[in-house]
$ cat upload_0.cif   # mmCIF, C-alpha atoms
data_target
loop_
_atom_site.label_atom_id
_atom_site.label_comp_id
_atom_site.auth_asym_id
_atom_site.auth_seq_id
_atom_site.Cartn_x
_atom_site.Cartn_y
_atom_site.Cartn_z
CA MET A 1 -5.67 5.42 11.07
CA LYS A 2 -7.22 8.04 8.83
CA PRO A 3 -9.76 6.48 6.44
CA PHE A 4 -9.64 7.16 2.71
CA ALA A 5 -11.48 5.98 -0.39
CA TYR A 6 -9.66 3.83 -2.94
CA HIS A 7 -10.26 3.77 -6.69
CA ARG A 8 -8.62 1.62 -9.36
CA PRO A 9 -9.49 2.98 -12.83
CA ALA A 10 -8.97 0.87 -15.94
CA ASP A 11 -7.43 3.52 -18.20
CA PRO A 12 -5.99 7.06 -18.05
CA ASP A 13 -9.27 8.73 -19.04
CA ALA A 14 -11.05 6.92 -16.23
CA ALA A 15 -8.34 8.02 -13.79
CA VAL A 16 -8.83 11.68 -14.74
CA ALA A 17 -12.59 11.24 -14.43
CA ALA A 18 -12.14 9.69 -10.98
CA TYR A 19 -10.20 12.77 -9.90
CA ALA A 20 -12.89 15.07 -11.28
CA ALA A 21 -15.41 13.20 -9.11
CA ASN A 22 -13.09 13.41 -6.09
CA PRO A 23 -11.32 16.81 -6.13
CA GLY A 24 -8.26 16.82 -3.91
CA ALA A 25 -7.62 13.10 -4.40
CA ARG A 26 -4.07 11.82 -4.96
CA TYR A 27 -2.82 9.55 -7.72
CA LEU A 28 -1.00 6.51 -6.33
CA ALA A 29 1.52 4.44 -8.31
CA GLY A 30 4.51 2.90 -6.53
CA GLY A 31 3.71 4.77 -3.32
CA THR A 32 7.36 5.08 -2.30
CA ASN A 33 6.92 8.77 -1.46
CA LEU A 34 3.19 9.34 -0.98
CA VAL A 35 2.70 6.49 1.48
CA ASP A 36 5.60 7.74 3.61
CA LEU A 37 4.07 11.23 3.68
CA MET A 38 0.69 9.78 4.66
CA LYS A 39 2.29 7.87 7.52
CA ARG A 40 3.94 11.08 8.76
CA GLY A 41 0.72 13.08 8.47
CA VAL A 42 2.17 15.40 5.84
CA GLU A 43 -0.42 14.16 3.32
CA SER A 44 -3.96 13.21 4.31
CA PRO A 45 -5.87 12.57 1.09
CA HIS A 46 -9.51 11.60 1.35
CA SER A 47 -9.22 9.51 -1.83
CA LEU A 48 -6.47 7.57 -3.58
CA ILE A 49 -6.65 6.80 -7.30
CA ASP A 50 -4.43 3.81 -8.06
CA VAL A 51 -2.76 4.36 -11.44
CA GLY A 52 -0.01 1.81 -10.92
CA ARG A 53 -1.70 -0.78 -13.14
CA LEU A 54 -2.67 1.48 -16.00
CA PRO A 55 -1.36 0.40 -19.43
CA LEU A 56 1.44 2.97 -19.33
CA ASP A 57 4.32 0.59 -18.62
CA ARG A 58 6.08 0.45 -21.98
CA ILE A 59 9.24 1.98 -23.43
CA GLU A 60 8.59 2.63 -27.11
CA GLU A 61 10.71 3.94 -29.94
CA VAL A 62 9.13 6.77 -31.94
CA PRO A 63 9.65 7.72 -35.61
CA ASP A 64 11.98 10.67 -34.94
CA GLY A 65 14.52 8.39 -33.26
CA GLY A 66 13.53 9.22 -29.70
CA LEU A 67 11.66 7.24 -27.06
CA ARG A 68 8.38 7.43 -25.20
CA ILE A 69 8.61 6.18 -21.61
CA GLY A 70 5.30 5.27 -19.98
CA ALA A 71 4.52 6.84 -16.62
CA THR A 72 4.23 3.50 -14.83
CA VAL A 73 7.54 2.09 -16.08
CA ARG A 74 9.40 1.07 -12.94
CA ASN A 75 12.71 2.76 -12.24
CA SER A 76 14.59 -0.56 -12.24
CA ASP A 77 13.18 -1.53 -15.62
CA LEU A 78 13.99 1.86 -17.11
CA ALA A 79 17.59 1.81 -15.86
CA ALA A 80 18.12 -1.74 -17.15
CA ASP A 81 16.55 -1.22 -20.58
CA PRO A 82 19.20 -1.94 -23.28
CA VAL A 83 18.20 1.06 -25.40
CA ILE A 84 18.39 3.41 -22.41
CA ARG A 85 21.75 2.02 -21.34
CA SER A 86 23.30 2.30 -24.79
CA ARG A 87 21.73 5.52 -26.12
CA TYR A 88 20.99 7.48 -22.92
CA PRO A 89 23.56 6.26 -20.37
CA VAL A 90 23.23 9.42 -18.28
CA LEU A 91 19.61 8.47 -17.52
CA SER A 92 20.42 4.90 -16.54
CA GLN A 93 23.26 6.08 -14.30
CA ALA A 94 21.08 8.70 -12.61
CA ILE A 95 18.33 6.22 -11.78
CA LEU A 96 20.79 3.68 -10.38
CA ALA A 97 22.30 6.40 -8.17
CA GLY A 98 18.96 6.90 -6.43
CA ALA A 99 17.29 5.11 -3.52
CA SER A 100 17.80 1.34 -3.17
CA GLY A 101 17.11 -1.67 -5.35
CA GLN A 102 13.89 -2.43 -3.52
CA LEU A 103 12.59 1.11 -3.94
CA ARG A 104 13.60 1.27 -7.59
CA ASN A 105 11.59 -1.90 -8.18
CA ALA A 106 8.46 -0.10 -6.96
CA ALA A 107 8.99 3.54 -7.94
CA THR A 108 7.62 4.73 -11.28
CA THR A 109 8.69 7.28 -13.86
CA GLY A 110 5.75 9.59 -13.15
CA GLY A 111 6.05 9.24 -9.41
CA ASN A 112 9.76 9.99 -9.47
CA LEU A 113 9.06 13.31 -11.19
CA LEU A 114 6.49 14.21 -8.54
CA GLN A 115 8.35 13.17 -5.39
CA ARG A 116 8.49 15.87 -2.77
CA THR A 117 11.45 17.34 -0.92
CA ARG A 118 13.21 15.48 1.87
CA CYS A 119 13.74 18.68 3.90
CA THR A 120 13.35 17.56 7.52
CA TYR A 121 11.11 20.51 8.41
CA PHE A 122 8.70 19.65 5.60
CA GLN A 123 8.45 16.06 6.81
CA ASP A 124 8.00 16.97 10.50
CA THR A 125 4.45 18.16 11.17
CA SER A 126 5.47 19.50 14.58
CA LYS A 127 7.51 22.20 12.81
CA PRO A 128 6.30 25.12 10.68
CA CYS A 129 6.91 24.89 6.92
CA ASN A 130 5.77 27.16 4.11
CA LYS A 131 5.86 24.26 1.67
CA ARG A 132 3.51 22.22 3.82
CA THR A 133 1.39 25.07 5.24
CA PRO A 134 1.91 28.38 3.41
CA GLY A 135 2.50 31.37 5.63
CA THR A 136 3.92 29.50 8.62
CA GLY A 137 7.59 30.25 7.92
CA CYS A 138 10.80 28.50 6.86
CA PRO A 139 12.78 27.44 9.95
CA ALA A 140 15.40 25.78 7.73
CA ARG A 141 16.88 29.19 6.84
CA GLU A 142 18.22 29.64 10.38
CA GLY A 143 18.10 25.99 11.34
CA VAL A 144 19.45 22.82 9.73
CA HIS A 145 20.13 23.60 6.07
CA ARG A 146 23.45 21.90 5.26
CA ASP A 147 21.82 19.79 2.53
CA LEU A 148 19.57 22.53 1.14
CA ALA A 149 19.56 25.04 -1.70
CA VAL A 150 22.23 27.53 -2.74
CA LEU A 151 20.61 28.50 -6.06
CA GLY A 152 17.15 29.89 -6.78
CA HIS A 153 15.84 29.79 -3.22
CA SER A 154 13.63 32.45 -1.61
CA GLU A 155 12.84 33.85 1.81
CA ASP A 156 9.96 31.38 1.92
CA CYS A 157 11.80 28.15 1.12
CA VAL A 158 15.31 26.70 0.74
CA ALA A 159 14.28 23.09 0.02
CA THR A 160 15.87 21.03 -2.75
CA ASN A 161 14.36 18.65 -5.27
CA PRO A 162 15.41 15.08 -4.40
CA SER A 163 15.13 13.40 -7.82
CA ASP A 164 18.17 11.97 -9.62
CA MET A 165 16.17 10.88 -12.66
CA ALA A 166 14.76 14.37 -13.26
CA VAL A 167 18.27 15.84 -13.35
CA ALA A 168 19.22 13.55 -16.23
CA LEU A 169 15.92 14.14 -18.04
CA SER A 170 16.51 17.89 -17.85
CA ALA A 171 19.94 17.57 -19.47
CA LEU A 172 18.39 15.40 -22.20
CA ASP A 173 15.66 17.97 -22.97
CA ALA A 174 12.91 15.46 -22.19
CA VAL A 175 9.23 16.42 -22.20
CA VAL A 176 6.57 15.45 -19.63
CA LEU A 177 3.30 14.23 -21.19
CA LEU A 178 0.14 15.07 -19.26
CA LEU A 179 -3.55 14.20 -19.46
CA GLY A 180 -6.09 16.30 -17.59
CA PRO A 181 -9.66 17.59 -17.62
CA ASP A 182 -8.74 19.90 -20.52
CA GLY A 183 -7.07 17.18 -22.57
CA GLU A 184 -3.42 16.43 -23.34
CA ARG A 185 -0.46 18.77 -23.09
CA ALA A 186 3.33 18.55 -22.99
CA VAL A 187 5.73 20.44 -20.71
CA PRO A 188 9.54 20.38 -21.06
CA VAL A 189 11.20 18.88 -17.99
CA THR A 190 13.27 22.08 -17.70
CA GLU A 191 10.01 23.98 -17.12
CA PHE A 192 8.04 21.33 -15.24
CA HIS A 193 9.45 21.93 -11.75
CA ARG A 194 9.22 25.36 -10.12
CA LEU A 195 11.46 27.59 -8.04
CA PRO A 196 9.84 28.37 -4.68
CA GLY A 197 9.24 32.14 -4.89
CA ASP A 198 6.35 32.96 -2.58
CA ARG A 199 4.51 29.69 -3.42
CA PRO A 200 6.83 26.90 -2.29
CA ASP A 201 3.82 24.63 -1.80
CA ARG A 202 3.68 24.29 -5.61
CA ASP A 203 6.45 21.91 -6.64
CA SER A 204 5.61 21.77 -10.32
CA GLU A 205 3.48 23.19 -13.11
CA ILE A 206 1.11 20.23 -13.02
CA ARG A 207 -2.53 21.30 -12.78
CA PRO A 208 -5.18 19.84 -10.45
CA GLY A 209 -6.38 16.52 -11.79
CA GLU A 210 -3.63 16.13 -14.38
CA LEU A 211 -2.01 12.73 -14.70
CA ILE A 212 1.49 12.14 -16.03
CA THR A 213 1.10 9.61 -18.85
CA GLY A 214 4.71 9.47 -19.99
CA VAL A 215 7.97 11.16 -20.82
CA ALA A 216 9.19 11.84 -24.35
CA LEU A 217 12.92 11.66 -25.00
CA PRO A 218 14.33 13.32 -28.13
CA PRO A 219 16.87 11.44 -30.26
CA PRO A 220 20.12 10.73 -28.38
CA PRO A 221 22.39 13.78 -28.16
CA ALA A 222 25.75 13.85 -29.91
CA GLY A 223 28.81 13.23 -27.79
CA ARG A 224 29.16 11.51 -24.42
CA SER A 225 26.99 11.72 -21.34
CA ALA A 226 27.33 10.77 -17.68
CA TYR A 227 25.81 11.36 -14.25
CA ARG A 228 27.80 11.86 -11.06
CA LYS A 229 26.44 12.21 -7.55
CA VAL A 230 28.27 13.43 -4.45
CA ARG A 231 26.65 12.32 -1.19
CA ASP A 232 27.49 11.55 2.41
CA ARG A 233 27.55 7.79 1.90
CA ALA A 234 27.95 5.53 -1.09
CA SER A 235 24.31 4.45 -1.42
CA TYR A 236 20.78 5.26 -0.30
CA ALA A 237 21.50 8.95 0.23
CA PHE A 238 20.28 12.10 -1.46
CA ALA A 239 22.67 14.30 -3.39
CA LEU A 240 24.68 17.08 -1.82
CA VAL A 241 25.52 17.93 -5.42
CA SER A 242 24.92 15.94 -8.58
CA LEU A 243 25.54 16.68 -12.25
CA ALA A 244 24.11 15.28 -15.47
CA ALA A 245 26.35 16.27 -18.36
CA VAL A 246 26.31 15.84 -22.12
CA LEU A 247 29.46 16.95 -23.95
CA ASP A 248 30.37 16.81 -27.63
CA VAL A 249 33.97 17.61 -28.58
CA ARG A 250 35.34 17.77 -32.13
CA ASP A 251 39.05 18.34 -32.76
CA GLY A 252 39.53 19.67 -29.24
CA THR A 253 36.65 22.17 -29.48
CA ILE A 254 33.34 21.84 -27.63
CA THR A 255 30.53 21.75 -30.20
CA GLY A 256 27.68 20.88 -27.84
CA ALA A 257 27.00 20.81 -24.12
CA ALA A 258 24.09 20.31 -21.74
CA LEU A 259 24.48 20.46 -17.94
CA THR A 260 21.97 20.09 -15.13
CA PHE A 261 22.78 20.20 -11.40
CA GLY A 262 20.91 18.32 -8.71
CA GLY A 263 20.99 19.01 -4.98
CA LEU A 264 21.48 22.76 -5.42
CA ALA A 265 17.96 24.10 -5.96
CA HIS A 266 14.22 23.62 -5.60
CA LYS A 267 14.28 22.10 -9.12
CA PRO A 268 16.85 20.41 -11.34
CA TRP A 269 19.05 23.37 -12.25
CA ARG A 270 19.79 23.57 -15.98
CA ALA A 271 23.12 25.37 -16.23
CA ARG A 272 22.49 27.65 -19.21
CA ALA A 273 25.24 30.13 -18.35
CA ALA A 274 27.81 27.32 -18.13
CA GLU A 275 26.63 25.86 -21.44
CA GLU A 276 27.10 29.23 -23.13
CA VAL A 277 30.72 29.42 -21.94
CA LEU A 278 31.41 25.86 -23.10
CA ARG A 279 30.10 26.01 -26.66
CA GLY A 280 32.87 26.80 -29.13
CA ALA A 281 35.59 26.85 -26.46
CA PRO A 282 38.56 24.50 -26.13
CA ALA A 283 37.92 21.39 -24.07
CA THR A 284 40.31 22.20 -21.23
CA ASP A 285 40.12 22.29 -17.46
CA GLY A 286 40.35 26.08 -17.65
CA THR A 287 37.24 26.25 -19.82
CA PHE A 288 35.38 23.85 -17.56
CA GLY A 289 36.27 25.93 -14.50
CA ARG A 290 35.14 29.17 -16.14
CA ALA A 291 31.87 27.55 -17.14
CA ALA A 292 31.23 26.41 -13.57
CA ASP A 293 32.10 29.84 -12.20
CA ALA A 294 29.71 31.53 -14.63
CA GLU A 295 26.84 29.35 -13.41
CA LEU A 296 27.66 29.40 -9.72
CA ALA A 297 28.08 33.18 -9.59
CA ALA A 298 24.35 33.31 -8.81
CA ALA A 299 24.72 31.07 -5.73
CA ARG A 300 23.50 32.46 -2.40
CA PRO A 301 24.67 29.95 0.19
CA LEU A 302 23.36 30.03 3.72
CA ARG A 303 25.36 29.73 6.94
CA ASP A 304 26.24 26.03 6.67
CA ASN A 305 26.04 25.05 3.00
CA GLY A 306 28.58 27.26 1.24
CA PHE A 307 30.77 24.19 0.71
CA LYS A 308 28.29 23.10 -1.97
CA VAL A 309 29.49 25.84 -4.32
CA LEU A 310 33.09 24.60 -4.36
CA LEU A 311 31.86 21.01 -4.48
CA ALA A 312 29.75 21.79 -7.55
CA ARG A 313 32.68 23.53 -9.27
CA ASN A 314 35.05 20.64 -8.66
CA LEU A 315 32.45 18.12 -9.80
CA THR A 316 31.89 20.07 -13.01
CA VAL A 317 35.57 20.24 -13.91
CA SER A 318 36.13 16.58 -13.05
CA LEU A 319 33.16 15.16 -14.95
CA LEU A 320 33.62 17.33 -18.05
CA ALA A 321 37.32 16.44 -18.20
CA GLU A 322 36.38 12.78 -18.03
CA LEU A 323 33.85 13.13 -20.84
CA ALA A 324 36.27 15.14 -22.99
CA ALA A 325 38.93 12.45 -22.60
CA ARG A 326 36.43 9.80 -23.74
CA THR A 327 35.19 11.75 -26.78
#
$ encode --input "upload_0.cif" --output "structure tokens"
Amino acid sequence: MKPFAYHRPADPDAAVAAYAANPGARYLAGGTNLVDLMKRGVESPHSLIDVGRLPLDRIEEVPDGGLRIGATVRNSDLAADPVIRSRYPVLSQAILAGASGQLRNAATTGGNLLQRTRCTYFQDTSKPCNKRTPGTGCPAREGVHRDLAVLGHSEDCVATNPSDMAVALSALDAVVLLLGPDGERAVPVTEFHRLPGDRPDRDSEIRPGELITGVALPPPPAGRSAYRKVRDRASYAFALVSLAAVLDVRDGTITGAALTFGGLAHKPWRARAAEEVLRGAPATDGTFGRAADAELAAARPLRDNGFKVLLARNLTVSLLAELAART
């Protein structure tokens, strides 16, 4: 048992101050990821700052027609919220596609955004891993990588982001709200997570000591939205490929589209090239296929995960056709 200090601040400012007094500490909310990593020896923080009971557990409507989701809102509560289900169904569907009921009851909005990769080499301290210990190598490139990245990876890392919720938030153009030693700031979800480059140990753009206080959702997008996840079993499995899609069709022509892939990259992959092909084009399977091809042209599959490219294309055509038929 490795000892650690435990702090329970009363408000967000006190939490940030507690970190400043204990550099290198970790914020703890639901603990569904951090506690596992501590048990495996991947994380060994000297101090834990419990933010799970901070007054950040509300879902509030804002004047512009959007929502503010508190960082400690539990995943189950967020997925079941009537406003989320009716106005942002893609988000509710994505959350329900992740983990299990028990884990969703504990996991929080902020913690979900910060969960770390499930790459087996990262979680096994007997193996080298650039994400865990920079400069030690990436054995996944030549080893077991069937589930890993085909887009945006580097020589240093081919891990994938495991979040379902973040994929939907990316497609909805949500914004992460942060509080740190230098005050408040906001970062779009599309820019919050990082590609690995030569610093795969940095998962996101969050700065030392910053605390996620919430997520801001813009007003609901026009059209229909949905989330689909392809995995090896029907529940409690991470995505081989997932897709959050928003599609608006008027008189057979696509007037708006937002697509984000999960399971393909180190971050939720916003499919800008595909969106460009879709806008103004007829809502047909041919258009959907061309859009997928435009995005997936950048794929660089490894030895055992090339099937993900075709899987992603088929998923795109299928889901967009379904949304177009419902519009």
$ resolve_selection --input "upload_0.cif" --expression "the PyMOL selection byres ((chain A and resi 93) around 12)" --output "PyMOL selection string"
chain A and resi 75-76+78-81+84-92+94-98+164-169+225-229+242-245
$ resolve_selection --input "upload_0.cif" --expression "the PyMOL selection byres ((chain A and resi 194) around 10)" --output "ChimeraX atom specification"
/A:152,161,190-193,195-197,199-205,265-268
$ write_last_selection --input "upload_0.cif" --atoms "C-alpha atoms" --output "short mmCIF file (atom, residue, chain, number, x, y, z; two decimals), in the frame of the given file"
data_model
loop_
_atom_site.label_atom_id
_atom_site.label_comp_id
_atom_site.auth_asym_id
_atom_site.auth_seq_id
_atom_site.Cartn_x
_atom_site.Cartn_y
_atom_site.Cartn_z
CA GLY A 152 17.15 29.89 -6.78
CA ASN A 161 14.36 18.65 -5.27
CA THR A 190 13.27 22.08 -17.70
CA GLU A 191 10.01 23.98 -17.12
CA PHE A 192 8.04 21.33 -15.24
CA HIS A 193 9.45 21.93 -11.75
CA LEU A 195 11.46 27.59 -8.04
CA PRO A 196 9.84 28.37 -4.68
CA GLY A 197 9.24 32.14 -4.89
CA ARG A 199 4.51 29.69 -3.42
CA PRO A 200 6.83 26.90 -2.29
CA ASP A 201 3.82 24.63 -1.80
CA ARG A 202 3.68 24.29 -5.61
CA ASP A 203 6.45 21.91 -6.64
CA SER A 204 5.61 21.77 -10.32
CA GLU A 205 3.48 23.19 -13.11
CA ALA A 265 17.96 24.10 -5.96
CA HIS A 266 14.22 23.62 -5.60
CA LYS A 267 14.28 22.10 -9.12
CA PRO A 268 16.85 20.41 -11.34
#
$ residues_around --input "upload_0.cif" --residues "A:Ala159" --least-positions-apart "2" --cutoff "8 Å" --atoms "only C-alpha atoms" --output "PyMOL selection string"
chain A and resi 117-119+148-149+153+157+161+265-266
$ closest_atom_pairs --input "upload_0.cif" --of "stretch 122-162 of chain A" --to "stretch 42-56 of chain A" --cutoff "12 Å" --atoms "only C-alpha atoms" --output "CSV"
residue,atom,partner,partner_atom,distance
A:Phe122,CA,A:Val42,CA,7.8
A:Gln123,CA,A:Val42,CA,6.4
A:Asp124,CA,A:Val42,CA,7.6
A:Thr125,CA,A:Val42,CA,6.4
A:Ser126,CA,A:Val42,CA,10.2
A:Lys127,CA,A:Val42,CA,11.1
A:Pro128,CA,A:Val42,CA,11.6
A:Cys129,CA,A:Val42,CA,10.7
A:Lys131,CA,A:Val42,CA,10.5
A:Arg132,CA,A:Val42,CA,7.2
A:Thr133,CA,A:Val42,CA,9.7
$ atom_distance --input "upload_0.cif" --atom1 "atom CA of A:Glu155" --atom2 "atom CA of A:Gly137"
8.8 Å
$ atom_distance --input "upload_0.cif" --atom1 "atom CA of A:Arg58" --atom2 "atom CA of A:Val73"
6.3 Å
$ closest_residue --input "upload_0.cif" --among "A:Ala222, A:Ala283, A:Arg116, A:Ser100" --to "A:Asp36" --atoms "only C-alpha atoms"
A:Arg116
$ residues_around --input "upload_0.cif" --residues "stretch 309-325 of chain A" --least-positions-apart "2" --cutoff "8 Å" --atoms "all atoms listed in the file" --output "list in words"
Val150, Arg224, Ser225, Ala226, Arg228, Val241, Ser242, Leu243, Ala245, Leu247, Asp248, Val249, Ala283, Thr284, Asp285, Phe288, Gly289, Ala292, Asp293, Leu296, Ala299, Pro301, Gly306, Phe307 and Thr327 of chain A
$ atom_distance --input "upload_0.cif" --atom1 "atom CA of A:Ala294" --atom2 "atom CA of A:Gly256"
17.1 Å
$ resolve_selection --input "upload_0.cif" --expression "the PyMOL selection byres ((chain A and resi 270-281) around 7)" --output "ChimeraX atom specification"
/A:170-171,190,253-261,268-269,282-283,287,291-292,294-295
$ closest_residue --input "upload_0.cif" --among "A:Arg250, A:Thr120, A:Thr72, A:Leu240" --to "A:Ala106" --atoms "all atoms listed in the file"
A:Thr72
$ closest_residue --input "upload_0.cif" --among "A:Arg8, A:Val175, A:Glu184, A:Gly252" --to "A:Gly66" --atoms "only C-alpha atoms"
A:Val175
$ residues_around --input "upload_0.cif" --residues "A:Gly31" --least-positions-apart "6" --cutoff "10 Å" --atoms "all atoms listed in the file" --output "list in words"
Leu37, Met38, Asp50, Gly52, Leu103, Ala106, Ala107, Thr108, Gly111 and Gln115 of chain A
$ closest_residue --input "upload_0.cif" --among "A:Ala297, A:Leu67, A:Met1, A:Ala25" --to "A:Gly41" --atoms "all atoms listed in the file"
A:Met1
$ closest_residue --input "upload_0.cif" --among "A:Pro134, A:Gly180, A:Gly65, A:Pro221" --to "A:Arg207" --atoms "all atoms listed in the file"
A:Gly180
$ closest_residue --input "upload_0.cif" --among "A:Val215, A:Asp156, A:Pro23, A:Pro139" --to "A:Leu113" --atoms "only C-alpha atoms"
A:Val215
$ residues_around --input "upload_0.cif" --residues "stretch 208-213 of chain A" --least-positions-apart "2" --cutoff "7 Å" --atoms "only C-alpha atoms" --output "PyMOL selection string"
chain A and resi 16+19-20+56+70-71+110+177-181+206
$ build_atoms --input "upload_0.cif" --residues "stretch 284-292 of chain A" --atoms "all heavy atoms" --output "PDB file, keeping the file's coordinate frame"
ATOM      1  N   THR A 284      39.221  22.205 -22.214  1.00  0.00           N
ATOM      2  CA  THR A 284      40.310  22.200 -21.230  1.00  0.00           C
ATOM      3  C   THR A 284      39.736  22.408 -19.830  1.00  0.00           C
ATOM      4  O   THR A 284      38.608  22.893 -19.666  1.00  0.00           O
ATOM      5  CB  THR A 284      41.305  23.330 -21.517  1.00  0.00           C
ATOM      6  OG1 THR A 284      40.635  24.601 -21.358  1.00  0.00           O
ATOM      7  CG2 THR A 284      41.854  23.216 -22.931  1.00  0.00           C
ATOM      8  N   ASP A 285      40.548  22.073 -18.833  1.00  0.00           N
ATOM      9  CA  ASP A 285      40.120  22.290 -17.460  1.00  0.00           C
ATOM     10  C   ASP A 285      39.831  23.771 -17.195  1.00  0.00           C
ATOM     11  O   ASP A 285      38.930  24.110 -16.426  1.00  0.00           O
ATOM     12  CB  ASP A 285      41.192  21.800 -16.480  1.00  0.00           C
ATOM     13  CG  ASP A 285      41.239  20.284 -16.380  1.00  0.00           C
ATOM     14  OD1 ASP A 285      40.434  19.611 -17.059  1.00  0.00           O
ATOM     15  OD2 ASP A 285      42.082  19.762 -15.625  1.00  0.00           O
ATOM     16  N   GLY A 286      40.594  24.659 -17.827  1.00  0.00           N
ATOM     17  CA  GLY A 286      40.350  26.080 -17.650  1.00  0.00           C
ATOM     18  C   GLY A 286      38.975  26.490 -18.142  1.00  0.00           C
ATOM     19  O   GLY A 286      38.258  27.258 -17.481  1.00  0.00           O
ATOM     20  N   THR A 287      38.584  25.968 -19.298  1.00  0.00           N
ATOM     21  CA  THR A 287      37.240  26.250 -19.820  1.00  0.00           C
ATOM     22  C   THR A 287      36.176  25.694 -18.888  1.00  0.00           C
ATOM     23  O   THR A 287      35.179  26.361 -18.587  1.00  0.00           O
ATOM     24  CB  THR A 287      37.079  25.628 -21.215  1.00  0.00           C
ATOM     25  OG1 THR A 287      37.984  26.246 -22.122  1.00  0.00           O
ATOM     26  CG2 THR A 287      35.661  25.825 -21.727  1.00  0.00           C
ATOM     27  N   PHE A 288      36.375  24.484 -18.423  1.00  0.00           N
ATOM     28  CA  PHE A 288      35.380  23.850 -17.560  1.00  0.00           C
ATOM     29  C   PHE A 288      35.222  24.648 -16.253  1.00  0.00           C
ATOM     30  O   PHE A 288      34.117  24.833 -15.757  1.00  0.00           O
ATOM     31  CB  PHE A 288      35.775  22.409 -17.250  1.00  0.00           C
ATOM     32  CG  PHE A 288      35.989  21.560 -18.474  1.00  0.00           C
ATOM     33  CD1 PHE A 288      36.921  20.525 -18.474  1.00  0.00           C
ATOM     34  CD2 PHE A 288      35.274  21.793 -19.644  1.00  0.00           C
ATOM     35  CE1 PHE A 288      37.127  19.747 -19.593  1.00  0.00           C
ATOM     36  CE2 PHE A 288      35.468  21.017 -20.782  1.00  0.00           C
ATOM     37  CZ  PHE A 288      36.402  19.991 -20.753  1.00  0.00           C
ATOM     38  N   GLY A 289      36.335  25.130 -15.708  1.00  0.00           N
ATOM     39  CA  GLY A 289      36.270  25.930 -14.500  1.00  0.00           C
ATOM     40  C   GLY A 289      35.548  27.250 -14.718  1.00  0.00           C
ATOM     41  O   GLY A 289      34.745  27.679 -13.880  1.00  0.00           O
ATOM     42  N   ARG A 290      35.822  27.912 -15.840  1.00  0.00           N
ATOM     43  CA  ARG A 290      35.140  29.170 -16.140  1.00  0.00           C
ATOM     44  C   ARG A 290      33.644  28.961 -16.339  1.00  0.00           C
ATOM     45  O   ARG A 290      32.822  29.796 -15.928  1.00  0.00           O
ATOM     46  CB  ARG A 290      35.759  29.811 -17.386  1.00  0.00           C
ATOM     47  CG  ARG A 290      37.134  30.428 -17.151  1.00  0.00           C
ATOM     48  CD  ARG A 290      37.580  31.277 -18.321  1.00  0.00           C
ATOM     49  NE  ARG A 290      37.763  30.495 -19.541  1.00  0.00           N
ATOM     50  CZ  ARG A 290      38.878  29.844 -19.846  1.00  0.00           C
ATOM     51  NH1 ARG A 290      39.916  29.866 -18.999  1.00  0.00           N
ATOM     52  NH2 ARG A 290      38.986  29.171 -20.976  1.00  0.00           N
ATOM     53  N   ALA A 291      33.293  27.847 -16.948  1.00  0.00           N
ATOM     54  CA  ALA A 291      31.870  27.550 -17.140  1.00  0.00           C
ATOM     55  C   ALA A 291      31.175  27.364 -15.784  1.00  0.00           C
ATOM     56  O   ALA A 291      30.079  27.899 -15.545  1.00  0.00           O
ATOM     57  CB  ALA A 291      31.716  26.294 -17.989  1.00  0.00           C
ATOM     58  N   ALA A 292      31.817  26.610 -14.897  1.00  0.00           N
ATOM     59  CA  ALA A 292      31.230  26.410 -13.570  1.00  0.00           C
ATOM     60  C   ALA A 292      31.112  27.725 -12.817  1.00  0.00           C
ATOM     61  O   ALA A 292      30.088  28.007 -12.183  1.00  0.00           O
ATOM     62  CB  ALA A 292      32.085  25.420 -12.773  1.00  0.00           C
TER      63      ALA A 292
END
